[in-house]
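Chemist: entry14.txt is the file, holding compact mmCIF, C-alpha atoms:
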```txt
# COMPACT_ATOMS: atom_id res chain seq x y z
CA SER M 29 28.32 20.65 -40.47
CA PRO M 30 26.87 18.51 -43.33
CA GLN M 31 25.59 16.01 -40.75
CA ALA M 32 23.74 18.61 -38.67
CA GLY M 33 20.45 18.18 -40.51
CA GLU M 34 20.50 14.40 -40.17
CA LEU M 35 21.35 14.60 -36.46
CA SER M 36 18.51 17.06 -35.85
CA GLN M 37 16.09 14.77 -37.69
CA HIS M 38 17.11 11.92 -35.39
CA VAL M 39 16.38 14.15 -32.36
CA VAL M 40 12.95 14.99 -33.79
CA SER M 41 12.07 11.33 -34.37
CA THR M 42 13.12 10.35 -30.85
CA ALA M 43 11.23 13.27 -29.25
CA GLU M 44 8.04 12.53 -31.19
CA GLU M 45 8.17 8.87 -30.21
CA ASP M 46 8.59 9.81 -26.55
CA ALA M 47 5.76 12.37 -26.78
CA ALA M 48 3.44 9.71 -28.21
CA ALA M 49 4.48 7.10 -25.65
CA ARG M 50 4.43 9.29 -22.54
CA GLY M 51 1.89 11.99 -23.39
CA ASP M 52 4.36 14.58 -22.12
CA SER M 53 4.21 18.00 -23.84
CA THR M 54 7.89 18.52 -23.04
CA TYR M 55 8.77 16.08 -25.79
CA SER M 56 6.45 17.85 -28.22
CA ARG M 57 8.30 21.09 -27.53
CA LEU M 58 11.60 19.29 -28.15
CA ALA M 59 10.27 17.85 -31.40
CA ALA M 60 9.11 21.31 -32.58
CA ALA M 61 12.48 22.82 -31.73
CA GLY M 62 14.22 19.94 -33.49
CA LEU M 63 12.21 20.50 -36.68
CA TYR M 64 13.07 24.19 -36.65
CA TRP M 65 16.78 23.62 -36.11
CA THR M 66 16.83 20.85 -38.71
CA GLY M 67 15.53 23.34 -41.26
CA MET M 68 17.99 26.00 -40.18
CA ALA M 69 20.89 23.52 -40.30
CA TYR M 70 20.10 22.82 -43.95
CA ALA M 71 19.63 26.54 -44.63
CA HIS M 72 23.08 27.38 -43.22
CA GLN M 73 24.49 24.98 -45.81
CA GLY M 74 22.56 26.78 -48.57
CA LYS M 75 20.22 23.78 -49.00
CA TYR M 76 16.98 25.75 -49.05
CA GLU M 77 14.86 23.03 -50.65
CA GLU M 78 15.87 20.55 -47.96
CA ALA M 79 15.26 23.22 -45.32
CA ARG M 80 11.67 23.89 -46.34
CA GLN M 81 9.98 20.64 -45.29
CA PRO M 82 11.15 20.54 -41.64
CA LEU M 83 10.03 24.15 -41.23
CA LEU M 84 6.66 23.47 -42.83
CA ASP M 85 6.30 20.44 -40.53
CA ASN M 86 7.14 22.61 -37.52
CA ILE M 87 4.26 24.95 -38.36
CA ALA M 88 1.77 22.27 -39.39
CA ARG M 89 2.35 19.86 -36.48
CA TYR M 90 3.01 22.40 -33.72
CA PRO M 91 1.35 25.70 -34.76
CA THR M 92 1.57 27.19 -31.26
CA ASN M 93 5.21 26.33 -30.62
CA PRO M 94 7.62 29.24 -29.97
CA TYR M 95 9.48 28.65 -33.26
CA ALA M 96 6.46 28.63 -35.60
CA ASP M 97 6.65 32.34 -36.48
CA ASP M 98 10.43 32.09 -36.89
CA ALA M 99 9.90 29.15 -39.24
CA LEU M 100 7.48 31.22 -41.33
CA PHE M 101 9.96 34.08 -41.48
CA ALA M 102 12.75 31.73 -42.57
CA LEU M 103 10.49 30.25 -45.30
CA ALA M 104 9.71 33.77 -46.52
CA GLN M 105 13.42 34.56 -46.69
CA PHE M 106 14.13 31.38 -48.67
CA ALA M 107 11.35 32.31 -51.11
CA GLU M 108 12.88 35.74 -51.63
CA ILE M 109 16.31 34.20 -52.24
CA THR M 110 14.79 32.09 -55.01
CA MET M 111 12.89 35.12 -56.41
CA ASP M 112 9.48 33.71 -55.46
CA ASN M 113 8.14 37.01 -54.17
CA ARG M 114 4.50 35.96 -54.15
CA GLN M 115 5.22 32.97 -51.92
CA ALA M 116 7.35 35.11 -49.62
CA MET M 117 4.52 37.59 -49.28
CA GLU M 118 2.10 34.81 -48.32
CA TYR M 119 4.41 33.76 -45.49
CA TYR M 120 4.87 37.34 -44.26
CA THR M 121 1.10 37.84 -44.31
CA ARG M 122 0.63 34.66 -42.27
CA ILE M 123 3.01 36.01 -39.61
CA ILE M 124 0.92 39.17 -39.30
CA ASN M 125 -2.40 37.31 -39.21
CA GLU M 126 -1.50 34.21 -37.20
CA TYR M 127 1.25 35.53 -34.90
CA PRO M 128 0.32 39.22 -34.47
CA TYR M 129 2.65 39.88 -31.52
CA SER M 130 5.59 37.94 -32.95
CA ASN M 131 9.21 39.08 -32.87
CA ALA M 132 8.95 39.00 -36.69
CA ARG M 133 5.82 41.18 -36.97
CA LEU M 134 7.60 44.46 -37.76
CA ALA M 135 10.01 42.87 -40.24
CA ALA M 136 7.07 41.15 -41.95
CA HIS M 137 5.37 44.52 -42.60
CA ILE M 138 8.60 46.04 -43.90
CA ARG M 139 9.44 43.07 -46.15
CA LEU M 140 5.88 43.06 -47.50
CA ALA M 141 6.17 46.77 -48.30
CA GLN M 142 9.47 46.19 -50.09
CA ASN M 143 7.96 43.38 -52.14
CA TYR M 144 4.91 45.44 -53.03
CA ILE M 145 7.25 48.21 -54.23
CA ILE M 146 9.12 45.66 -56.37
CA LEU M 147 5.77 44.56 -57.82
CA ARG M 148 4.82 48.23 -58.35
CA GLN M 149 1.82 48.01 -56.01
CA TYR M 150 2.64 51.27 -54.30
CA THR M 151 -0.64 51.97 -52.50
CA THR M 152 -0.59 48.52 -50.89
CA ALA M 153 3.05 49.10 -49.91
CA LEU M 154 2.03 52.28 -48.09
CA SER M 155 -0.68 50.33 -46.24
CA GLU M 156 1.92 47.86 -44.99
CA LEU M 157 4.11 50.72 -43.84
CA GLU M 158 1.15 52.05 -41.85
CA GLY M 159 0.98 48.64 -40.19
CA ALA M 160 4.68 48.86 -39.37
CA THR M 161 4.14 52.34 -37.91
CA THR M 162 1.37 51.03 -35.63
CA VAL M 163 3.77 48.43 -34.23
CA LEU M 164 6.57 50.97 -33.84
CA ASN M 165 4.32 53.46 -32.06
CA ASP M 166 3.23 50.81 -29.55
CA ILE M 167 6.84 49.78 -28.89
CA HIS M 168 8.04 53.38 -28.54
CA LYS M 169 5.15 54.26 -26.22
CA ASN M 170 5.14 51.19 -23.97
CA GLY M 171 8.72 49.94 -24.09
CA ASP M 172 9.14 46.70 -22.15
CA THR M 173 5.40 46.57 -21.44
CA SER M 174 4.50 46.57 -25.15
CA ARG M 175 2.20 43.76 -26.24
CA PHE M 176 4.70 42.99 -29.03
CA GLU M 177 7.71 40.78 -28.48
CA THR M 178 11.15 42.31 -28.91
CA GLN M 179 11.56 42.69 -32.67
CA THR M 180 14.66 40.71 -33.62
CA TYR M 181 14.53 40.62 -37.42
CA VAL M 182 14.93 44.29 -38.27
CA GLN M 183 17.28 47.12 -37.30
CA ASN M 184 16.71 50.86 -37.72
CA ALA M 185 13.05 50.18 -38.46
CA ASP M 186 12.00 53.85 -38.18
CA GLU M 187 14.54 54.75 -40.86
CA GLN M 188 13.48 51.93 -43.14
CA VAL M 189 9.79 52.83 -42.89
CA LEU M 190 10.37 56.52 -43.68
CA TYR M 191 12.69 55.69 -46.60
CA LEU M 192 10.26 53.16 -48.06
CA ARG M 193 7.42 55.66 -47.79
CA GLY M 194 9.44 57.95 -50.02
CA GLU M 195 10.15 55.13 -52.48
CA ALA M 196 6.48 54.14 -52.62
CA HIS M 197 5.41 57.73 -53.30
CA ASN M 198 8.10 58.05 -55.97
CA GLY M 199 6.99 54.84 -57.63
CA GLY M 200 3.37 55.97 -57.59
CA GLY M 201 4.24 59.30 -59.19
CA ARG M 202 3.53 61.34 -56.04
CA TYR M 203 6.79 63.21 -56.22
CA GLU M 204 5.94 66.06 -53.84
CA GLN M 205 5.01 63.59 -51.10
CA ALA M 206 8.13 61.57 -51.84
CA LEU M 207 10.28 64.66 -51.50
CA GLN M 208 8.71 65.47 -48.13
CA MET M 209 9.60 61.97 -46.88
CA PHE M 210 13.18 62.18 -48.13
CA GLU M 211 13.78 65.70 -46.79
CA GLU M 212 12.42 64.65 -43.37
CA PHE M 213 14.75 61.64 -43.47
CA ILE M 214 17.78 63.80 -44.28
CA ASN M 215 17.00 66.08 -41.34
CA VAL M 216 16.24 63.34 -38.80
CA TYR M 217 18.74 60.62 -39.75
CA PRO M 218 21.80 62.38 -41.23
CA GLN M 219 24.14 59.46 -40.41
CA SER M 220 21.90 56.69 -41.68
CA PRO M 221 23.38 53.94 -43.86
CA LEU M 222 20.35 54.47 -46.12
CA MET M 223 21.37 58.04 -46.91
CA ASP M 224 22.72 57.35 -50.40
CA ASN M 225 19.45 55.72 -51.40
CA VAL M 226 17.53 58.62 -49.90
CA LEU M 227 19.58 61.16 -51.86
CA LEU M 228 18.95 59.18 -55.05
CA GLY M 229 15.24 59.15 -54.31
CA ALA M 230 15.19 62.90 -53.64
CA GLY M 231 17.07 63.51 -56.88
CA TRP M 232 14.58 61.37 -58.81
CA ALA M 233 11.60 63.19 -57.30
CA ASN M 234 13.08 66.58 -58.25
CA LEU M 235 13.95 65.32 -61.73
CA ASN M 236 10.32 64.36 -62.31
CA LEU M 237 9.13 67.66 -60.85
CA GLN M 238 11.39 69.37 -63.44
CA LYS M 239 13.43 70.95 -60.65
CA TYR M 240 16.66 70.09 -62.39
CA ASP M 241 19.05 72.23 -60.35
CA ARG M 242 17.67 70.72 -57.13
CA ALA M 243 18.03 67.22 -58.57
CA ILE M 244 21.66 67.93 -59.49
CA ALA M 245 22.32 69.22 -55.97
CA PHE M 246 21.12 65.95 -54.42
CA TYR M 247 23.21 63.89 -56.84
CA ASP M 248 26.24 66.07 -56.13
CA SER M 249 25.69 65.58 -52.40
CA LEU M 250 25.69 61.80 -52.85
CA LEU M 251 28.87 61.87 -54.92
CA ALA M 252 30.60 64.16 -52.41
CA ARG M 253 29.69 61.79 -49.57
CA ALA M 254 30.99 58.80 -51.51
CA GLY M 255 34.41 60.28 -52.25
CA SER M 256 36.42 57.65 -54.13
CA THR M 257 33.88 54.90 -53.44
CA GLU M 258 32.23 53.53 -56.59
CA ASN M 259 29.02 51.47 -56.38
CA ILE M 260 25.61 51.27 -58.00
CA GLN M 261 24.42 54.34 -56.07
CA THR M 262 27.27 56.53 -57.33
CA ALA M 263 26.87 55.11 -60.84
CA SER M 264 23.17 55.98 -60.77
CA ALA M 265 23.89 59.47 -59.44
CA ARG M 266 26.34 60.13 -62.27
CA LEU M 267 23.81 58.97 -64.88
CA TYR M 268 20.80 60.87 -63.56
CA ARG M 269 22.85 63.97 -62.86
CA LEU M 270 23.64 64.16 -66.59
CA ILE M 271 20.01 63.51 -67.49
CA ALA M 272 19.13 66.50 -65.30
CA PHE M 273 21.73 68.55 -67.19
CA LYS M 274 20.14 67.49 -70.47
CA TYR M 275 16.57 68.38 -69.51
CA GLY M 276 17.76 71.51 -67.75
CA GLY M 277 19.05 72.86 -71.09
CA LYS M 278 22.75 72.06 -70.62
CA ARG M 279 22.82 69.63 -73.53
CA GLU M 280 26.48 69.95 -74.47
CA GLU M 281 27.62 69.39 -70.90
CA ALA M 282 25.33 66.37 -70.73
CA LYS M 283 26.64 64.93 -73.99
CA GLN M 284 30.26 65.33 -72.93
CA GLY M 285 29.42 63.74 -69.61
CA PHE M 286 27.79 60.73 -71.28
CA LEU M 287 30.84 60.37 -73.54
CA GLY M 288 33.06 60.38 -70.46
CA LEU M 289 30.99 57.70 -68.71
CA SER M 290 30.91 55.58 -71.88
CA VAL M 291 34.68 55.01 -71.63
CA LEU M 292 34.85 54.71 -67.83
CA PRO M 293 36.27 51.26 -66.99
CA GLY M 294 33.86 48.99 -65.15
CA TYR M 295 30.95 51.45 -65.20
CA PRO M 296 27.89 49.28 -64.38
CA LEU M 297 25.23 51.28 -66.26
CA LEU M 298 26.99 51.43 -69.60
CA GLY M 299 23.95 50.33 -71.60
CA GLU M 300 21.86 53.13 -70.09
CA VAL M 301 24.57 55.74 -70.76
CA LEU M 302 24.97 54.68 -74.39
CA LEU M 303 21.19 54.77 -74.84
CA GLU M 304 21.11 58.36 -73.57
CA LEU M 305 24.04 59.25 -75.80
CA GLY M 306 22.37 57.62 -78.81
CA GLN M 307 19.17 59.50 -78.03
CA MET M 308 21.02 62.83 -77.97
CA TYR M 309 22.79 62.08 -81.26
CA TYR M 310 19.43 61.15 -82.81
CA GLU M 311 17.79 64.35 -81.56
CA ASP M 312 20.70 66.35 -82.99
CA GLY M 313 20.41 64.64 -86.40
CA GLN M 314 23.75 62.83 -86.04
CA LEU M 315 22.39 59.53 -87.28
CA ILE M 316 25.68 57.70 -87.93
CA GLU M 317 26.92 58.51 -84.42
CA ALA M 318 23.52 57.54 -83.01
CA GLN M 319 23.67 54.17 -84.76
CA ARG M 320 27.17 53.45 -83.47
CA ALA M 321 26.25 54.37 -79.89
CA LEU M 322 23.09 52.26 -79.96
CA GLU M 323 24.77 49.24 -81.52
CA ARG M 324 27.32 49.36 -78.72
CA ALA M 325 24.51 49.87 -76.20
CA GLU M 326 22.83 46.75 -77.59
CA ARG M 327 25.94 44.73 -76.72
CA GLU M 328 26.40 46.25 -73.28
CA SER M 329 22.85 46.33 -71.90
CA THR M 330 21.97 43.90 -69.11
CA ASN M 331 18.53 45.34 -68.36
CA GLY M 332 15.37 44.21 -70.15
CA LEU M 333 13.64 47.59 -70.27
CA THR M 334 16.82 49.34 -71.40
CA SER M 335 17.30 46.70 -74.13
CA VAL M 336 13.76 47.27 -75.43
CA ARG M 337 14.26 51.04 -75.52
CA ILE M 338 17.61 50.57 -77.30
CA GLN M 339 16.06 48.35 -79.98
CA ILE M 340 13.14 50.70 -80.61
CA LEU M 341 15.42 53.72 -80.96
CA LEU M 342 17.92 51.75 -83.06
CA GLY M 343 15.06 50.74 -85.35
CA GLU M 344 14.08 54.40 -85.73
CA VAL M 345 17.68 55.33 -86.59
CA GLN M 346 17.91 52.49 -89.13
CA LEU M 347 14.66 53.67 -90.73
CA GLU M 348 16.07 57.20 -91.00
CA ASN M 349 19.27 55.78 -92.53
CA GLY M 350 17.29 53.74 -95.05
CA ASN M 351 18.32 50.37 -93.58
CA TYR M 352 14.82 48.90 -93.62
CA ASP M 353 15.78 45.25 -93.11
CA LYS M 354 17.89 46.16 -90.06
CA ALA M 355 15.11 48.39 -88.76
CA GLU M 356 12.61 45.53 -89.00
CA LYS M 357 14.99 43.23 -87.12
CA ALA M 358 15.51 45.80 -84.35
CA PHE M 359 11.75 46.24 -83.84
CA ALA M 360 11.27 42.45 -83.92
CA LYS M 361 13.91 42.06 -81.22
CA ALA M 362 12.22 44.75 -79.11
CA GLU M 363 8.97 42.81 -79.40
CA GLU M 364 10.67 39.52 -78.52
CA VAL M 365 12.40 40.88 -75.40
CA THR M 366 9.19 42.55 -74.22
CA LEU M 367 7.18 39.35 -74.63
CA LYS M 368 9.75 37.29 -72.72
CA SER M 369 10.11 39.74 -69.84
CA SER M 370 7.99 39.95 -66.73
CA SER M 371 5.91 43.07 -66.12
CA ARG M 372 7.95 43.34 -62.91
CA PHE M 373 10.95 44.29 -65.07
CA ILE M 374 9.11 46.04 -67.91
CA PRO M 375 6.13 48.02 -66.65
CA ASP M 376 3.63 49.09 -69.30
CA LYS M 377 4.56 46.10 -71.47
CA SER M 378 1.56 46.72 -73.72
CA VAL M 379 2.83 50.20 -74.59
CA TYR M 380 6.22 48.89 -75.71
CA LEU M 381 4.64 45.97 -77.58
CA THR M 382 2.27 48.29 -79.43
CA GLU M 383 5.09 50.64 -80.43
CA ALA M 384 7.44 47.84 -81.50
CA ARG M 385 4.76 46.12 -83.59
CA PHE M 386 3.57 49.34 -85.19
CA ARG M 387 7.11 50.37 -86.14
CA ARG M 388 7.91 46.88 -87.34
CA GLY M 389 4.84 47.00 -89.59
CA ILE M 390 6.08 50.22 -91.14
CA ALA M 391 9.52 48.71 -91.77
CA LEU M 392 8.02 45.56 -93.31
CA ALA M 393 5.77 47.59 -95.57
CA VAL M 394 8.78 49.53 -96.90
CA VAL M 395 10.86 46.35 -97.34
CA HIS M 396 8.06 44.67 -99.33
CA ARG M 397 7.53 47.79 -101.42
CA TYR M 398 11.12 47.64 -102.66
CA SER M 399 11.59 43.86 -102.75
```
Can the structure in the file be given as structure tokens, please?
Modeler:
Amino acid sequence: SPQAGELSQHVVSTAEEDAAARGDSTYSRLAAAGLYWTGMAYAHQGKYEEARQPLLDNIARYPTNPYADDALFALAQFAEITMDNRQAMEYYTRIINEYPYSNARLAAHIRLAQNYIILRQYTTALSELEGATTVLNDIHKNGDTSRFETQTYVQNADEQVLYLRGEAHNGGGRYEQALQMFEEFINVYPQSPLMDNVLLGAGWANLNLQKYDRAIAFYDSLLARAGSTENIQTASARLYRLIAFKYGGKREEAKQGFLGLSVLPGYPLLGEVLLELGQMYYEDGQLIEAQRALERAERESTNGLTSVRIQILLGEVQLENGNYDKAEKAFAKAEEVTLKSSSRFIPDKSVYLTEARFRRGIALAVVHRYS
């Protein structure tokens, strides 16, 4: 209820007063518990800012209390909710270092690995997954006698670790190793709820290894499993399946497929599809069709990297069509979006900035020549 936080704070104040007056550690334990539950009461109402201070006080005042590691984990979760990944990672690291046998230890390793993958620090992510494996091995070997508490913040940890290993290898460009992880996963955990993501990862690894038929087979497997279900995984499979067709030499099938997706109601990756379609038109010398597809892609894109690629290609098309003013504006917009975006969302920012500025310079030179 809205009053839960205030009531818990009253309990904390009373317990701390009694602890000071009587010197009884029982009241300190009550105060620590009260601080934790005060924070969680606010959190359950979505009031994460109000929740932070009681949890920080729990850890600072009573660092050895049974809720201290849980408070750190909750703080890390709040930081992730507010997209403060660096702060979240600090809290997860503190759990590992300060509460090594905690019930949150395994989840801390896994969440750290996921955050390192988001930040494209793939080698460090793999190190965290090794830490998770050490914990898992101890638990599997020793059961109830394990030195680690029962891990309460993660389910199917073995599956998550194996899947994330594949993702980290994929992100780091180690596609053969990624494929080994994903194929092992498919064999060991055929009913896993992570299977769609695993199939996407296996498809991506094969796509980058130029094994296009194998990539298509994984995407087809995902779509067959999904049936009539439509989500971001099926949308991604449809997109990358057609990209595999394109690079596998089946260009006309790919183009017709992109056209089909471009008119599919509610398709969530429309900007990406129209970019691919515009790219194919451009490669085939169909500049008017390329311009139309890219102008529509510009309106539909919700992804920073995709928007930059659209603007750069649209600028190229405008240059080819002799629309130098429009070309300059497209390159300028590509530069602007790149500058405003985090490297988390646009890796290799310097490459895109260099290309956009170079192309913009060419367009400006032509504009001034004829002005």
Chemist: Counting all atoms listed in the file, which of M:Gly199, M:Phe176, M:Ile316, M:Thr162 gets nearest to M:Leu147?
Modeler: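 Going through M:Gly199, M:Phe176, M:Ile316, M:Thr162 one by one, the smallest distance to M:Leu147 is for M:Gly199.
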Chemist: How many Å lie between atom CA of M:Ile260 and atom CA of M:Ala135, rounded to one decimal?
Modeler: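 Going from atom CA of M:Ile260 over to atom CA of M:Ala135, I get 25.1 Å.
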Chemist: Counting all atoms listed in the file, figure out which residue out of M:Leu190, M:Ala282, M:Ile145, M:Ile124 gets nearest to M:Gly159.
Modeler: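 Comparing M:Leu190, M:Ala282, M:Ile145, M:Ile124 against M:Gly159, the winner is M:Ile124.
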Chemist: Pick out the residues sitting within 10 Å of M:Leu303, and hand them over as a list in words; count all atoms listed in the file, and ignore anything fewer than 4 positions along from it in its own chain.
Modeler: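 Once the adjacent positions are removed, what remains is Phe286, Leu298, Gly299, Gln307, Met308, Tyr309, Ala318, Ala321, Leu322, Glu323, Arg324, Ala325, Glu326, Ser329, Thr334, Ser335, Arg337, Ile338, Gln339, Leu341 and Leu342 of chain M.
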Chemist: Identify, on the basis of only C-alpha atoms, every residue whose closest approach to M:Leu315 does not exceed 8 Å; exclude the query and any residue fewer than 4 positions from it along the same chain; express the result as a ChimeraX atom specification.
Modeler: /M:309-310,319,345,348-349
Chemist: Just want the 9 Å neighbourhood of M:Ala272, counted on only C-alpha atoms, with same-chain residues fewer than 4 positions away dropped. Output as an mmCIF file with C-alpha atoms, in the frame of the given file.
Modeler:
```
data_model
loop_
_atom_site.group_PDB
_atom_site.id
_atom_site.type_symbol
_atom_site.label_atom_id
_atom_site.label_comp_id
_atom_site.auth_asym_id
_atom_site.auth_seq_id
_atom_site.Cartn_x
_atom_site.Cartn_y
_atom_site.Cartn_z
ATOM 1 C CA LEU M 235 13.950 65.320 -61.730
ATOM 2 C CA GLN M 238 11.390 69.370 -63.440
ATOM 3 C CA LYS M 239 13.430 70.950 -60.650
ATOM 4 C CA TYR M 240 16.660 70.090 -62.390
ATOM 5 C CA ASP M 241 19.050 72.230 -60.350
ATOM 6 C CA ALA M 243 18.030 67.220 -58.570
ATOM 7 C CA ILE M 244 21.660 67.930 -59.490
ATOM 8 C CA LEU M 267 23.810 58.970 -64.880
ATOM 9 C CA TYR M 268 20.800 60.870 -63.560
ATOM 10 C CA GLY M 276 17.760 71.510 -67.750
ATOM 11 C CA GLY M 277 19.050 72.860 -71.090
ATOM 12 C CA LYS M 278 22.750 72.060 -70.620
ATOM 13 C CA ALA M 282 25.330 66.370 -70.730
#
```
Chemist: Write out as a list in words each polymer residue whose atoms come within 12 Å of M:Gln115, counting only C-alpha atoms; drop sequence neighbours fewer than 3 positions from it.
Modeler: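 Contacts, in chain order: Leu100, Phe101, Leu103, Ala104, Gln105, Phe106, Ala107, Glu108, Ile109, Thr110, Met111, Asp112, Glu118, Tyr119, Tyr120, Thr121, Arg122, Leu140 and Asn143 of chain M.
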Chemist: Restricting the calculation to only C-alpha atoms, which member of M:Gln149, M:Thr178, M:Asn113, M:Thr173 is positioned closest to M:Leu134?
Modeler: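 Using only C-alpha atoms, the shortest distance to M:Leu134 belongs to M:Thr178.
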Chemist: What does the structure give for the distance between atom CA of M:Ala60 and atom CA of M:Pro94, in Å to one decimal?
Modeler: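 Those two atoms sit 8.5 Å apart.
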Chemist: Mind giving me the straight-line distance from atom CA of M:Asn86 to atom CA of M:Gly62 in Å, one decimal?
Modeler: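 Taking atom CA of M:Asn86 as the start and atom CA of M:Gly62 as the end point, the length is 8.6 Å.
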Chemist: Which residues come within 12 Å of M:Glu383, counting all atoms listed in the file, excluding same-chain residues fewer than 2 positions away, as a list in words?
Modeler: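 Contacts, with the query itself left out: Val336, Arg337, Gln339, Ile340, Leu341, Gly343, Glu344, Phe359, Ala360, Ala362, Glu363, Thr366, Asp376, Lys377, Ser378, Val379, Tyr380, Leu381, Arg385, Phe386, Arg387, Arg388, Gly389 and Ile390 of chain M.
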